[in-house]
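Listing of my_file_25.csv, CSV, N, CA and C atoms
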chain,number,residue,atom,x,y,z
A,238,MET,N,34.2,2.1,-57.5
A,238,MET,CA,34.2,1.4,-58.8
A,238,MET,C,33.0,2.0,-59.6
A,239,PRO,N,33.2,2.4,-60.8
A,239,PRO,CA,32.1,2.9,-61.6
A,239,PRO,C,31.1,1.8,-62.0
A,240,LYS,N,29.9,2.3,-62.3
A,240,LYS,CA,28.8,1.4,-62.5
A,240,LYS,C,29.1,0.4,-63.7
A,241,HIS,N,29.7,0.9,-64.8
A,241,HIS,CA,30.0,0.0,-65.9
A,241,HIS,C,31.0,-1.1,-65.6
A,242,GLU,N,32.0,-0.8,-64.7
A,242,GLU,CA,32.9,-1.8,-64.3
A,242,GLU,C,32.2,-2.9,-63.4
A,243,ALA,N,31.4,-2.4,-62.5
A,243,ALA,CA,30.6,-3.3,-61.7
A,243,ALA,C,29.7,-4.2,-62.5
A,244,GLN,N,29.1,-3.7,-63.5
A,244,GLN,CA,28.2,-4.5,-64.4
A,244,GLN,C,29.1,-5.5,-65.2
A,245,ALA,N,30.2,-5.1,-65.6
A,245,ALA,CA,31.1,-6.0,-66.4
A,245,ALA,C,31.6,-7.2,-65.4
A,246,LYS,N,31.9,-6.8,-64.2
A,246,LYS,CA,32.4,-7.8,-63.2
A,246,LYS,C,31.2,-8.8,-62.9
A,247,LEU,N,30.0,-8.3,-62.8
A,247,LEU,CA,28.9,-9.1,-62.5
A,247,LEU,C,28.6,-10.0,-63.6
A,248,ALA,N,28.7,-9.5,-64.9
A,248,ALA,CA,28.5,-10.4,-66.0
A,248,ALA,C,29.5,-11.5,-66.1
A,249,ASP,N,30.8,-11.2,-65.8
A,249,ASP,CA,31.8,-12.2,-65.7
A,249,ASP,C,31.5,-13.3,-64.7
A,250,TYR,N,31.1,-12.8,-63.5
A,250,TYR,CA,30.8,-13.7,-62.4
A,250,TYR,C,29.6,-14.7,-62.8
A,251,ILE,N,28.6,-14.1,-63.4
A,251,ILE,CA,27.4,-14.9,-63.9
A,251,ILE,C,27.9,-15.9,-64.9
A,252,GLU,N,28.7,-15.5,-65.8
A,252,GLU,CA,29.2,-16.4,-66.8
A,252,GLU,C,30.0,-17.6,-66.2
A,253,TYR,N,30.9,-17.2,-65.2
A,253,TYR,CA,31.7,-18.2,-64.5
A,253,TYR,C,30.8,-19.2,-63.7
A,254,THR,N,29.8,-18.7,-63.0
A,254,THR,CA,29.0,-19.6,-62.2
A,254,THR,C,28.1,-20.5,-63.2
A,255,GLY,N,27.8,-19.9,-64.3
A,255,GLY,CA,27.0,-20.7,-65.3
A,255,GLY,C,27.9,-21.9,-65.8
A,256,ARG,N,29.2,-21.7,-66.0
A,256,ARG,CA,30.1,-22.8,-66.4
A,256,ARG,C,30.2,-23.8,-65.3
A,257,ILE,N,30.2,-23.4,-64.1
A,257,ILE,CA,30.2,-24.4,-63.0
A,257,ILE,C,29.0,-25.2,-62.9
A,258,THR,N,27.8,-24.6,-63.1
A,258,THR,CA,26.6,-25.4,-63.0
A,258,THR,C,26.4,-26.3,-64.2
A,259,LYS,N,27.0,-25.9,-65.3
A,259,LYS,CA,26.8,-26.7,-66.5
A,259,LYS,C,27.9,-27.8,-66.6
A,260,GLN,N,28.7,-27.9,-65.6
A,260,GLN,CA,29.8,-28.8,-65.5
A,260,GLN,C,29.3,-30.3,-65.5
A,261,GLY,N,28.1,-30.5,-65.0
A,261,GLY,CA,27.6,-31.8,-64.9
A,261,GLY,C,27.6,-32.6,-66.2
A,262,SER,N,27.4,-31.9,-67.3
A,262,SER,CA,27.4,-32.6,-68.6
A,262,SER,C,28.8,-33.0,-69.0
A,263,ALA,N,29.8,-32.4,-68.4
A,263,ALA,CA,31.2,-32.7,-68.7
A,263,ALA,C,31.7,-33.9,-67.9
A,264,ILE,N,31.0,-34.3,-66.9
A,264,ILE,CA,31.4,-35.4,-66.0
A,264,ILE,C,30.9,-36.7,-66.6
A,265,CYS,N,31.8,-37.4,-67.3
A,265,CYS,CA,31.4,-38.7,-68.0
A,265,CYS,C,31.9,-39.9,-67.2
A,266,THR,N,33.0,-39.8,-66.5
A,266,THR,CA,33.6,-40.9,-65.8
A,266,THR,C,33.8,-40.6,-64.3
A,267,PHE,N,34.1,-41.6,-63.5
A,267,PHE,CA,34.3,-41.4,-62.1
A,267,PHE,C,35.6,-40.5,-62.0
A,268,ALA,N,36.5,-40.6,-62.8
A,268,ALA,CA,37.7,-39.8,-62.8
A,268,ALA,C,37.4,-38.3,-62.9
A,269,ASP,N,36.5,-38.0,-63.8
A,269,ASP,CA,36.0,-36.6,-64.0
A,269,ASP,C,35.3,-36.2,-62.8
A,270,LEU,N,34.5,-37.0,-62.2
A,270,LEU,CA,33.8,-36.7,-60.9
A,270,LEU,C,34.7,-36.4,-59.8
A,271,TRP,N,35.8,-37.3,-59.7
A,271,TRP,CA,36.8,-37.1,-58.7
A,271,TRP,C,37.5,-35.8,-58.9
A,272,ASN,N,37.9,-35.4,-60.1
A,272,ASN,CA,38.6,-34.2,-60.4
A,272,ASN,C,37.7,-33.0,-60.0
A,273,ALA,N,36.4,-33.0,-60.3
A,273,ALA,CA,35.5,-32.0,-60.0
A,273,ALA,C,35.3,-31.8,-58.4
A,274,TYR,N,35.2,-33.0,-57.8
A,274,TYR,CA,35.1,-33.0,-56.3
A,274,TYR,C,36.4,-32.4,-55.7
A,275,CYS,N,37.5,-32.8,-56.2
A,275,CYS,CA,38.8,-32.2,-55.7
A,275,CYS,C,38.9,-30.7,-55.9
A,276,ALA,N,38.5,-30.3,-57.1
A,276,ALA,CA,38.5,-28.8,-57.3
A,276,ALA,C,37.7,-28.0,-56.3
A,277,VAL,N,36.6,-28.6,-55.9
A,277,VAL,CA,35.7,-27.9,-55.0
A,277,VAL,C,36.2,-28.0,-53.6
A,278,ARG,N,36.7,-29.2,-53.2
A,278,ARG,CA,37.0,-29.4,-51.8
A,278,ARG,C,38.5,-29.2,-51.4
A,279,SER,N,39.4,-29.2,-52.4
A,279,SER,CA,40.8,-29.2,-52.0
A,279,SER,C,41.3,-27.9,-51.3
A,280,GLY,N,40.5,-26.9,-51.4
A,280,GLY,CA,40.9,-25.6,-50.7
A,280,GLY,C,40.7,-25.8,-49.2
A,281,GLN,N,40.0,-26.8,-48.7
A,281,GLN,CA,39.8,-27.1,-47.3
A,281,GLN,C,40.8,-28.1,-46.8
A,282,TRP,N,41.6,-28.7,-47.7
A,282,TRP,CA,42.5,-29.8,-47.2
A,282,TRP,C,43.9,-29.2,-47.0
A,283,SER,N,44.6,-29.8,-46.2
A,283,SER,CA,46.0,-29.5,-46.0
A,283,SER,C,46.8,-30.0,-47.2
A,284,LYS,N,48.1,-29.5,-47.3
A,284,LYS,CA,48.9,-30.0,-48.4
A,284,LYS,C,49.2,-31.5,-48.3
A,285,LYS,N,49.4,-32.0,-47.1
A,285,LYS,CA,49.6,-33.4,-46.9
A,285,LYS,C,48.4,-34.2,-47.3
A,286,THR,N,47.2,-33.8,-46.9
A,286,THR,CA,46.0,-34.5,-47.3
A,286,THR,C,45.8,-34.5,-48.8
A,287,ARG,N,46.1,-33.4,-49.5
A,287,ARG,CA,46.0,-33.4,-50.9
A,287,ARG,C,46.9,-34.4,-51.6
A,288,GLU,N,48.2,-34.4,-51.1
A,288,GLU,CA,49.1,-35.4,-51.6
A,288,GLU,C,48.7,-36.8,-51.3
A,289,ASP,N,48.3,-37.1,-50.1
A,289,ASP,CA,47.9,-38.5,-49.8
A,289,ASP,C,46.7,-38.9,-50.6
A,290,LEU,N,45.7,-38.1,-50.8
A,290,LEU,CA,44.6,-38.4,-51.6
A,290,LEU,C,44.9,-38.6,-53.1
A,291,ARG,N,45.8,-37.7,-53.6
A,291,ARG,CA,46.2,-37.8,-55.0
A,291,ARG,C,46.9,-39.2,-55.2
A,292,TYR,N,47.8,-39.6,-54.3
A,292,TYR,CA,48.5,-40.9,-54.4
A,292,TYR,C,47.5,-42.0,-54.3
A,293,LEU,N,46.7,-42.1,-53.2
A,293,LEU,CA,45.8,-43.2,-53.0
A,293,LEU,C,44.8,-43.4,-54.1
A,294,PHE,N,44.2,-42.3,-54.6
A,294,PHE,CA,43.2,-42.5,-55.6
A,294,PHE,C,43.9,-42.8,-57.0
A,295,ALA,N,45.1,-42.2,-57.3
A,295,ALA,CA,45.7,-42.5,-58.5
A,295,ALA,C,46.2,-44.0,-58.5
A,296,LYS,N,46.6,-44.5,-57.4
A,296,LYS,CA,47.1,-45.9,-57.4
A,296,LYS,C,46.0,-46.9,-57.2
A,297,HIS,N,45.0,-46.7,-56.5
A,297,HIS,CA,44.0,-47.7,-56.2
A,297,HIS,C,42.6,-47.5,-56.8
A,298,VAL,N,42.1,-46.3,-56.8
A,298,VAL,CA,40.7,-46.1,-57.1
A,298,VAL,C,40.5,-45.8,-58.6
A,299,ILE,N,41.3,-44.9,-59.2
A,299,ILE,CA,41.1,-44.5,-60.6
A,299,ILE,C,41.4,-45.7,-61.5
A,300,PRO,N,42.4,-46.5,-61.3
A,300,PRO,CA,42.6,-47.6,-62.2
A,300,PRO,C,41.5,-48.6,-62.2
A,301,ILE,N,40.8,-48.7,-61.1
A,301,ILE,CA,39.7,-49.7,-61.0
A,301,ILE,C,38.4,-49.2,-61.5
A,302,VAL,N,37.9,-48.0,-61.0
A,302,VAL,CA,36.6,-47.5,-61.4
A,302,VAL,C,36.7,-46.1,-62.1
A,303,GLY,N,37.9,-45.7,-62.4
A,303,GLY,CA,38.0,-44.3,-63.0
A,303,GLY,C,37.4,-44.2,-64.4
A,304,ASN,N,37.4,-45.3,-65.2
A,304,ASN,CA,36.8,-45.2,-66.6
A,304,ASN,C,35.3,-45.4,-66.6
A,305,GLN,N,34.7,-45.9,-65.5
A,305,GLN,CA,33.3,-46.1,-65.5
A,305,GLN,C,32.5,-44.9,-65.3
A,306,PRO,N,31.4,-44.8,-65.9
A,306,PRO,CA,30.5,-43.6,-65.7
A,306,PRO,C,30.0,-43.7,-64.2
A,307,PRO,N,29.9,-42.6,-63.5
A,307,PRO,CA,29.5,-42.6,-62.1
A,307,PRO,C,28.2,-43.4,-61.8
A,308,ARG,N,27.3,-43.4,-62.8
A,308,ARG,CA,26.0,-44.1,-62.6
A,308,ARG,C,26.3,-45.7,-62.6
A,309,GLU,N,27.4,-46.1,-63.1
A,309,GLU,CA,27.6,-47.6,-63.2
A,309,GLU,C,28.5,-48.1,-62.1
A,310,VAL,N,29.0,-47.2,-61.3
A,310,VAL,CA,29.9,-47.7,-60.1
A,310,VAL,C,28.9,-48.2,-59.1
A,311,THR,N,29.2,-49.4,-58.6
A,311,THR,CA,28.3,-50.0,-57.7
A,311,THR,C,28.9,-50.2,-56.3
A,312,LEU,N,28.1,-50.4,-55.3
A,312,LEU,CA,28.6,-50.7,-53.9
A,312,LEU,C,29.5,-51.9,-53.9
A,313,THR,N,29.2,-52.9,-54.7
A,313,THR,CA,30.0,-54.1,-54.8
A,313,THR,C,31.4,-53.8,-55.3
A,314,SER,N,31.6,-53.0,-56.3
A,314,SER,CA,32.9,-52.7,-56.9
A,314,SER,C,33.7,-51.9,-55.9
A,315,LEU,N,33.0,-51.0,-55.2
A,315,LEU,CA,33.7,-50.1,-54.2
A,315,LEU,C,34.1,-51.0,-53.0
A,316,GLN,N,33.3,-51.8,-52.6
A,316,GLN,CA,33.6,-52.7,-51.4
A,316,GLN,C,34.7,-53.6,-51.7
A,317,LEU,N,34.7,-54.2,-52.9
A,317,LEU,CA,35.8,-55.1,-53.3
A,317,LEU,C,37.1,-54.3,-53.3
A,318,LEU,N,37.1,-53.1,-53.8
A,318,LEU,CA,38.3,-52.3,-53.8
A,318,LEU,C,38.8,-52.0,-52.4
A,319,LEU,N,38.0,-51.7,-51.5
A,319,LEU,CA,38.4,-51.5,-50.1
A,319,LEU,C,38.9,-52.8,-49.5
A,320,ASN,N,38.2,-53.9,-49.7
A,320,ASN,CA,38.7,-55.2,-49.2
A,320,ASN,C,40.0,-55.5,-49.7
A,321,LYS,N,40.3,-55.3,-51.0
A,321,LYS,CA,41.6,-55.6,-51.6
A,321,LYS,C,42.7,-54.8,-51.0
A,322,MET,N,42.4,-53.5,-50.8
A,322,MET,CA,43.4,-52.6,-50.1
A,322,MET,C,43.7,-53.2,-48.7
A,323,ALA,N,42.7,-53.6,-48.0
A,323,ALA,CA,43.0,-54.1,-46.6
A,323,ALA,C,43.7,-55.4,-46.7
A,324,GLN,N,43.3,-56.2,-47.6
A,324,GLN,CA,44.0,-57.5,-47.8
A,324,GLN,C,45.4,-57.4,-48.2
A,325,ASP,N,45.7,-56.4,-49.0
A,325,ASP,CA,47.1,-56.2,-49.4
A,325,ASP,C,48.0,-55.5,-48.3
A,326,GLY,N,47.4,-55.3,-47.2
A,326,GLY,CA,48.2,-54.8,-46.0
A,326,GLY,C,48.2,-53.3,-45.8
A,327,TYR,N,47.4,-52.6,-46.5
A,327,TYR,CA,47.4,-51.1,-46.3
A,327,TYR,C,46.8,-50.8,-44.9
A,328,ARG,N,47.3,-49.8,-44.3
A,328,ARG,CA,46.9,-49.4,-43.0
A,328,ARG,C,45.4,-49.0,-43.0
A,329,LYS,N,44.8,-49.2,-41.8
A,329,LYS,CA,43.4,-48.9,-41.7
A,329,LYS,C,43.1,-47.4,-42.0
A,330,SER,N,44.0,-46.5,-41.7
A,330,SER,CA,43.8,-45.1,-41.9
A,330,SER,C,43.8,-44.8,-43.4
A,331,GLY,N,44.6,-45.5,-44.2
A,331,GLY,CA,44.6,-45.3,-45.7
A,331,GLY,C,43.3,-45.8,-46.3
A,332,VAL,N,42.9,-47.0,-45.9
A,332,VAL,CA,41.6,-47.6,-46.4
A,332,VAL,C,40.4,-46.7,-46.0
A,333,GLU,N,40.4,-46.2,-44.8
A,333,GLU,CA,39.3,-45.3,-44.3
A,333,GLU,C,39.3,-44.0,-45.1
A,334,LYS,N,40.5,-43.5,-45.4
A,334,LYS,CA,40.6,-42.3,-46.1
A,334,LYS,C,40.0,-42.4,-47.5
A,335,VAL,N,40.3,-43.6,-48.2
A,335,VAL,CA,39.7,-43.8,-49.5
A,335,VAL,C,38.2,-44.0,-49.4
A,336,ARG,N,37.7,-44.7,-48.4
A,336,ARG,CA,36.3,-44.9,-48.1
A,336,ARG,C,35.6,-43.5,-47.9
A,337,THR,N,36.2,-42.7,-47.0
A,337,THR,CA,35.6,-41.5,-46.6
A,337,THR,C,35.4,-40.5,-47.8
A,338,HIS,N,36.5,-40.4,-48.6
A,338,HIS,CA,36.5,-39.5,-49.7
A,338,HIS,C,35.7,-40.0,-50.9
A,339,THR,N,35.7,-41.3,-51.0
A,339,THR,CA,34.8,-41.9,-52.1
A,339,THR,C,33.3,-41.6,-51.8
A,340,ARG,N,33.0,-41.8,-50.5
A,340,ARG,CA,31.6,-41.5,-50.1
A,340,ARG,C,31.3,-40.0,-50.2
A,341,ALA,N,32.2,-39.2,-49.9
A,341,ALA,CA,32.0,-37.7,-50.0
A,341,ALA,C,31.9,-37.3,-51.5
A,342,CYS,N,32.7,-38.0,-52.3
A,342,CYS,CA,32.7,-37.7,-53.7
A,342,CYS,C,31.3,-38.0,-54.3
A,343,PHE,N,30.7,-39.2,-53.9
A,343,PHE,CA,29.4,-39.5,-54.4
A,343,PHE,C,28.3,-38.7,-53.8
A,344,ALA,N,28.5,-38.3,-52.5
A,344,ALA,CA,27.5,-37.4,-51.9
A,344,ALA,C,27.5,-36.0,-52.6
A,345,TYR,N,28.7,-35.6,-53.0
A,345,TYR,CA,28.8,-34.3,-53.8
A,345,TYR,C,28.0,-34.5,-55.1
A,346,ALA,N,28.2,-35.6,-55.8
A,346,ALA,CA,27.5,-35.9,-57.1
A,346,ALA,C,26.0,-35.9,-56.9
A,347,VAL,N,25.5,-36.4,-55.7
A,347,VAL,CA,24.1,-36.4,-55.4
A,347,VAL,C,23.6,-35.0,-55.2
A,348,ASP,N,24.4,-34.2,-54.4
A,348,ASP,CA,24.0,-32.8,-54.1
A,348,ASP,C,24.0,-32.0,-55.4
A,349,GLU,N,24.9,-32.3,-56.3
A,349,GLU,CA,24.9,-31.5,-57.6
A,349,GLU,C,23.9,-32.1,-58.6
A,350,GLU,N,23.1,-33.1,-58.2
A,350,GLU,CA,22.1,-33.7,-59.0
A,350,GLU,C,22.7,-34.4,-60.2
A,351,LEU,N,23.9,-34.9,-60.1
A,351,LEU,CA,24.5,-35.7,-61.2
A,351,LEU,C,24.1,-37.1,-61.1
A,352,LEU,N,23.8,-37.6,-59.8
A,352,LEU,CA,23.4,-38.9,-59.6
A,352,LEU,C,22.1,-38.9,-58.8
A,353,GLN,N,21.3,-40.0,-58.9
A,353,GLN,CA,20.1,-40.1,-58.1
A,353,GLN,C,20.4,-40.6,-56.7
A,354,LYS,N,21.3,-41.6,-56.6
A,354,LYS,CA,21.6,-42.2,-55.3
A,354,LYS,C,23.1,-42.4,-55.2
A,355,ASP,N,23.5,-42.6,-54.0
A,355,ASP,CA,25.0,-42.7,-53.6
A,355,ASP,C,25.3,-44.2,-53.5
A,356,PRO,N,26.1,-44.7,-54.4
A,356,PRO,CA,26.5,-46.1,-54.3
A,356,PRO,C,27.4,-46.5,-53.2
A,357,ALA,N,28.1,-45.5,-52.7
A,357,ALA,CA,29.1,-45.7,-51.6
A,357,ALA,C,28.5,-45.5,-50.2
A,358,ARG,N,27.2,-45.2,-50.1
A,358,ARG,CA,26.6,-44.9,-48.8
A,358,ARG,C,26.8,-46.0,-47.8
A,359,ASN,N,26.7,-47.2,-48.1
A,359,ASN,CA,26.8,-48.3,-47.2
A,359,ASN,C,28.1,-49.1,-47.2
A,360,SER,N,29.1,-48.5,-47.7
A,360,SER,CA,30.4,-49.2,-47.8
A,360,SER,C,31.0,-49.3,-46.4
A,361,LEU,N,31.6,-50.5,-46.1
A,361,LEU,CA,32.2,-50.8,-44.9
A,361,LEU,C,33.7,-50.8,-45.0
A,362,CYS,N,34.4,-50.6,-43.9
A,362,CYS,CA,35.8,-50.6,-43.9
A,362,CYS,C,36.3,-51.8,-43.1
A,363,ARG,N,37.1,-52.6,-43.8
A,363,ARG,CA,37.7,-53.8,-43.2
A,363,ARG,C,39.1,-53.5,-42.7
A,364,THR,N,39.5,-53.9,-41.6
A,364,THR,CA,40.9,-53.7,-41.1
A,364,THR,C,41.8,-54.7,-41.8
A,365,SER,N,43.0,-54.3,-42.0
A,365,SER,CA,44.0,-55.2,-42.5
A,365,SER,C,44.4,-56.2,-41.5
A,366,ARG,N,44.9,-57.3,-42.0
A,366,ARG,CA,45.3,-58.5,-41.2
A,366,ARG,C,46.8,-58.5,-41.0
A,367,ARG,N,47.3,-57.8,-40.2
A,367,ARG,CA,48.8,-57.8,-39.9
A,367,ARG,C,49.1,-58.6,-38.7
A,368,SER,N,50.1,-59.4,-38.7
A,368,SER,CA,50.4,-60.1,-37.5
A,368,SER,C,51.3,-59.2,-36.6
A,369,HIS,N,51.2,-59.4,-35.3
A,369,HIS,CA,51.9,-58.6,-34.4
A,369,HIS,C,53.4,-59.0,-34.4
A,370,ALA,N,53.8,-60.1,-34.9
A,370,ALA,CA,55.2,-60.5,-35.0
A,370,ALA,C,55.9,-59.6,-36.0
A,371,ASN,N,55.3,-59.1,-37.0
A,371,ASN,CA,55.9,-58.2,-38.0
A,371,ASN,C,56.1,-56.8,-37.4
A,372,ALA,N,55.4,-56.5,-36.4
A,372,ALA,CA,55.5,-55.1,-35.8
A,372,ALA,C,56.8,-54.8,-35.1
A,373,PHE,N,57.5,-55.8,-34.6
A,373,PHE,CA,58.7,-55.6,-33.8
A,373,PHE,C,59.9,-56.0,-34.5
As structure tokens:
Amino acid sequence: MPKHEAQAKLADYIEYTGRITKQGSAICTFADLWNAYCAVRSGQWSKKTREDLRYLFAKHVIPIVGNQPPREVTLTSLQLLLNKMAQDGYRKSGVEKVRTHTRACFAYAVDEELLQKDPARNSLCRTSRRSHANAF
């Protein structure tokens, strides 16, 4: 590769990484934060995991906290969301998946210096209350 092509490629790369680092100003809501987190992490997920997370967050998380700025999302609102999912009969694995990826999403925001602290750090997972009679 000639030197001028390498320099042009390097300039494009620097411009691209500059857009990524300036992305913080574009994150105004939790939905924006979730989309940024998914863009970064989805390459490590299987197709099934991507589909599951897209469904769970679109149905349960984004309608509740999606319009809030990430700084205004509290542990209480996240815990109430998880409790409601468990109370509505969702399986423990689904509730845990929402909890895990919500925590990871906020950890990502702290790592990227978008937030000072992680509101989901101490969230707990409550198991759903299904009777054994319905299992058979």
Review point. Residues at most 9 Å from Ile264 of chain A, counting only C-alpha atoms, excluding those fewer than 4 positions away in the same chain, as a PyMOL selection string?
Key: chain A and resi 260+268-270+273+306-307+351
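For the atom pair formed by atom CA of Cys265 of chain A and atom CA of Arg278 of chain A, the distance is 19.5 Å, given to one decimal.
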Study note, to complete from the structure: Computed gap from atom C of Phe267 of chain A to atom CA of Val310 of chain A is 9.4 Å
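Atom CA of Thr311 of chain A sits 23.6 Å away from atom CA of Gly326 of chain A.
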Point to revise | Distance query Leu293 of chain A at most 12 Å, only C-alpha atoms, self and fewer than 2 positions along chain excluded, as a list of chain:residue names | key: A:Thr286, A:Arg287, A:Glu288, A:Asp289, A:Leu290, A:Arg291, A:Ala295, A:Lys296, A:His297, A:Val298, A:Ile299, A:Pro300, A:Ile301, A:Leu318, A:Leu319, A:Met322, A:Tyr327, A:Arg328, A:Ser330, A:Gly331, A:Val332, A:Glu333, A:Lys334, A:Val335, A:Arg336, A:His338, A:Thr339
Practice item. Output as a VMD selection string all residues of segment 261-343 of chain A that backbone DSSP marks as alpha helix (DSSP H). Key: chain A and resid 267 to 278 284 to 293 299 to 302 312 to 324 329 to 343
